[in-house]
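Below: one structure, written as structure tokens.
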Amino acid sequence: MNDIISINRQFLTMAREAAKSKSGEIVTGLSRPVLDKLAGLSLDQIEGIAQGAAVSLISLRLTEAELNRLVSLQNSQRTAYSLAVAASTER
């Protein structure tokens with residue numbers, strides 16, 4: 001459970017910072033309203049959410065086919081492909 005708390009804390013903190021960026025939705029996979037809400041939370045509130053959530057707050061945004069394609073690409077192509085997939089499924 002400590003791993004989930006740590007991952008959630010790191011993700012929520014990163015998302016809170018990403019909310020300041022125009023690309024926050026693409027980077028995090030979160031909608032602008034959620035990012036705006038996270039931007040207004042204190043670190044204590046982030047910690048409370050991280051500790052209180054019993055599940056990972058991060059989910060994989062790739063389908064099985066997209067993940068297979070990503071695995072088959074060379075390192076230099078993975079970033080561009082990932083960004084293209086994320087941008088095409090932006091909320």
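Going by the structure tokens order, chains are called A, B, ..., each with residues numbered from 1, while ligands are numbered from 1 in the order shown.
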
Nearby residues (only C-alpha atoms) at most 10 Å from Thr63 in chain A, same-chain spacing under 5 positions excluded, as JSON, numbers by chain: {"A": [68, 69, 85]}

Residue neighbourhood Leu60 in chain A, 12 Å, only C-alpha atoms, exclusion window fewer than 6 positions, as an NGL selection string: :A and (28-30 or 66-67 or 82 or 85-86)

Restricting the output to C-alpha atoms, write the selected residues as a CSV table (one decimal), in the first residue's frame.
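Output saved as out07.csv:
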```
chain,number,residue,atom,x,y,z
A,28,THR,CA,-1.2,14.0,-17.4
A,29,GLY,CA,-4.2,12.7,-19.2
A,30,LEU,CA,-6.4,14.8,-16.9
A,66,GLU,CA,-1.1,1.0,-29.1
A,67,LEU,CA,1.1,-0.6,-26.4
A,82,SER,CA,3.1,8.5,-27.5
A,85,VAL,CA,-1.7,8.9,-29.3
A,86,ALA,CA,-2.2,11.2,-26.3
```

Within 12 Å of range 46-54 of chain A, counting only C-alpha atoms, which residues show up once you throw out same-chain ones fewer than 6 positions away? Write them as a PDB file with N, CA and C atoms, in the first residue's frame, please.
```pdb
ATOM      1  N   MET A   1       0.820  -1.203   0.000  1.00  0.00           N
ATOM      2  CA  MET A   1       0.000   0.000   0.000  1.00  0.00           C
ATOM      3  C   MET A   1       0.859   1.258   0.000  1.00  0.00           C
ATOM      4  N   ASN A   2       2.029   1.195   0.640  1.00  0.00           N
ATOM      5  CA  ASN A   2       2.909   2.369   0.664  1.00  0.00           C
ATOM      6  C   ASN A   2       3.340   2.777  -0.726  1.00  0.00           C
ATOM      7  N   ASP A   3       3.511   1.789  -1.632  1.00  0.00           N
ATOM      8  CA  ASP A   3       3.886   2.112  -3.005  1.00  0.00           C
ATOM      9  C   ASP A   3       2.783   2.907  -3.694  1.00  0.00           C
ATOM     10  N   ILE A   4       1.529   2.498  -3.497  1.00  0.00           N
ATOM     11  CA  ILE A   4       0.407   3.207  -4.114  1.00  0.00           C
ATOM     12  C   ILE A   4       0.323   4.628  -3.575  1.00  0.00           C
ATOM     13  N   ILE A   5       0.507   4.787  -2.283  1.00  0.00           N
ATOM     14  CA  ILE A   5       0.472   6.126  -1.687  1.00  0.00           C
ATOM     15  C   ILE A   5       1.569   6.998  -2.295  1.00  0.00           C
ATOM     16  N   SER A   6       2.758   6.454  -2.413  1.00  0.00           N
ATOM     17  CA  SER A   6       3.887   7.208  -2.970  1.00  0.00           C
ATOM     18  C   SER A   6       3.650   7.586  -4.430  1.00  0.00           C
ATOM     19  N   ILE A   7       3.165   6.629  -5.211  1.00  0.00           N
ATOM     20  CA  ILE A   7       2.887   6.899  -6.632  1.00  0.00           C
ATOM     21  C   ILE A   7       1.791   7.946  -6.765  1.00  0.00           C
ATOM     22  N   ASN A   8       0.727   7.818  -5.985  1.00  0.00           N
ATOM     23  CA  ASN A   8      -0.358   8.801  -6.036  1.00  0.00           C
ATOM     24  C   ASN A   8       0.141  10.189  -5.651  1.00  0.00           C
ATOM     25  N   ARG A   9       0.953  10.262  -4.598  1.00  0.00           N
ATOM     26  CA  ARG A   9       1.506  11.545  -4.154  1.00  0.00           C
ATOM     27  C   ARG A   9       2.329  12.186  -5.277  1.00  0.00           C
ATOM     28  N   GLN A  10       3.193  11.391  -5.871  1.00  0.00           N
ATOM     29  CA  GLN A  10       4.046  11.911  -6.943  1.00  0.00           C
ATOM     30  C   GLN A  10       3.222  12.353  -8.147  1.00  0.00           C
ATOM     31  N   PHE A  11       2.229  11.536  -8.521  1.00  0.00           N
ATOM     32  CA  PHE A  11       1.389  11.886  -9.664  1.00  0.00           C
ATOM     33  C   PHE A  11       0.579  13.147  -9.407  1.00  0.00           C
ATOM     34  N   LEU A  12      -0.038  13.224  -8.253  1.00  0.00           N
ATOM     35  CA  LEU A  12      -0.850  14.395  -7.934  1.00  0.00           C
ATOM     36  C   LEU A  12      -0.009  15.668  -7.846  1.00  0.00           C
ATOM     37  N   THR A  13       1.168  15.547  -7.295  1.00  0.00           N
ATOM     38  CA  THR A  13       2.070  16.700  -7.210  1.00  0.00           C
ATOM     39  C   THR A  13       2.517  17.129  -8.599  1.00  0.00           C
ATOM     40  N   MET A  14       2.871  16.158  -9.438  1.00  0.00           N
ATOM     41  CA  MET A  14       3.267  16.463 -10.811  1.00  0.00           C
ATOM     42  C   MET A  14       2.104  17.096 -11.575  1.00  0.00           C
ATOM     43  N   ALA A  15       0.911  16.550 -11.398  1.00  0.00           N
ATOM     44  CA  ALA A  15      -0.263  17.095 -12.082  1.00  0.00           C
ATOM     45  C   ALA A  15      -0.562  18.513 -11.609  1.00  0.00           C
ATOM     46  N   ARG A  16      -0.378  18.762 -10.339  1.00  0.00           N
ATOM     47  CA  ARG A  16      -0.582  20.111  -9.778  1.00  0.00           C
ATOM     48  C   ARG A  16       0.354  21.110 -10.458  1.00  0.00           C
ATOM     49  N   GLU A  17       1.596  20.704 -10.670  1.00  0.00           N
ATOM     50  CA  GLU A  17       2.558  21.563 -11.369  1.00  0.00           C
ATOM     51  C   GLU A  17       2.229  21.670 -12.859  1.00  0.00           C
ATOM     52  N   LYS A  37      -8.569  22.187 -10.475  1.00  0.00           N
ATOM     53  CA  LYS A  37      -8.872  21.838  -9.075  1.00  0.00           C
ATOM     54  C   LYS A  37      -7.600  21.439  -8.340  1.00  0.00           C
ATOM     55  N   LEU A  38      -6.764  20.606  -8.964  1.00  0.00           N
ATOM     56  CA  LEU A  38      -5.509  20.192  -8.346  1.00  0.00           C
ATOM     57  C   LEU A  38      -4.591  21.388  -8.103  1.00  0.00           C
ATOM     58  N   ALA A  39      -4.594  22.342  -9.019  1.00  0.00           N
ATOM     59  CA  ALA A  39      -3.739  23.523  -8.886  1.00  0.00           C
ATOM     60  C   ALA A  39      -4.072  24.319  -7.630  1.00  0.00           C
ATOM     61  N   GLY A  40      -5.312  24.240  -7.198  1.00  0.00           N
ATOM     62  CA  GLY A  40      -5.740  24.979  -6.023  1.00  0.00           C
ATOM     63  C   GLY A  40      -5.579  24.237  -4.710  1.00  0.00           C
TER      64      GLY A  40
END
```

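Closest approach to Ala87 in chain A among A:Leu35, A:Leu70, A:Val55, A:Leu62: A:Leu62, based on only C-alpha atoms.
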
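Residue nearest Ser88 in chain A, chosen from A:Asn75, A:Arg61, A:Leu43, A:Ser21 and counting only C-alpha atoms: A:Arg61.
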
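Note that CA of Ala19 in chain A and CA of Val34 in chain A are 8.8 Å apart.
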
Residue set, range 24-90 of chain A restricted to helix (DSSP H, G or I), as a ChimeraX atom specification: /A:24-28,32-39,43-52,64-72,75-88

Could you write out that same residue set with C-alpha atoms as a CSV table (one decimal), in the first residue's frame?
```
chain,number,residue,atom,x,y,z
A,24,GLY,CA,-1.0,19.8,-18.8
A,25,GLU,CA,-3.9,17.8,-20.3
A,26,ILE,CA,-1.6,15.9,-22.7
A,27,VAL,CA,1.1,15.4,-20.1
A,28,THR,CA,-1.2,14.0,-17.4
A,32,ARG,CA,-8.5,21.0,-17.6
A,33,PRO,CA,-11.2,21.2,-14.8
A,34,VAL,CA,-9.4,18.5,-12.8
A,35,LEU,CA,-6.1,20.1,-13.3
A,36,ASP,CA,-7.5,23.5,-12.2
A,37,LYS,CA,-8.9,21.8,-9.1
A,38,LEU,CA,-5.5,20.2,-8.3
A,39,ALA,CA,-3.7,23.5,-8.9
A,43,LEU,CA,0.4,19.9,-0.4
A,44,ASP,CA,-1.4,18.8,2.7
A,45,GLN,CA,-4.6,18.2,0.7
A,46,ILE,CA,-2.6,16.3,-1.9
A,47,GLU,CA,-1.1,14.2,0.8
A,48,GLY,CA,-4.5,13.4,2.2
A,49,ILE,CA,-5.8,12.3,-1.1
A,50,ALA,CA,-2.7,10.2,-1.8
A,51,GLN,CA,-3.1,8.5,1.6
A,52,GLY,CA,-6.8,8.1,1.4
A,64,GLU,CA,-3.4,-3.1,-26.2
A,65,ALA,CA,-2.7,-2.3,-29.9
A,66,GLU,CA,-1.1,1.0,-29.1
A,67,LEU,CA,1.1,-0.6,-26.4
A,68,ASN,CA,2.2,-3.3,-28.8
A,69,ARG,CA,3.1,-0.6,-31.4
A,70,LEU,CA,5.0,1.4,-28.8
A,71,VAL,CA,7.0,-1.7,-27.8
A,72,SER,CA,7.9,-2.4,-31.4
A,75,ASN,CA,13.5,4.6,-28.7
A,76,SER,CA,13.7,7.6,-30.9
A,77,GLN,CA,10.2,7.0,-32.3
A,78,ARG,CA,8.5,6.3,-29.0
A,79,THR,CA,8.1,9.9,-27.8
A,80,ALA,CA,6.5,11.1,-31.1
A,81,TYR,CA,4.1,8.1,-31.1
A,82,SER,CA,3.1,8.5,-27.5
A,83,LEU,CA,2.4,12.2,-28.0
A,84,ALA,CA,0.4,11.5,-31.1
A,85,VAL,CA,-1.7,8.9,-29.3
A,86,ALA,CA,-2.2,11.2,-26.3
A,87,ALA,CA,-3.2,14.1,-28.5
A,88,SER,CA,-5.7,12.1,-30.4
```
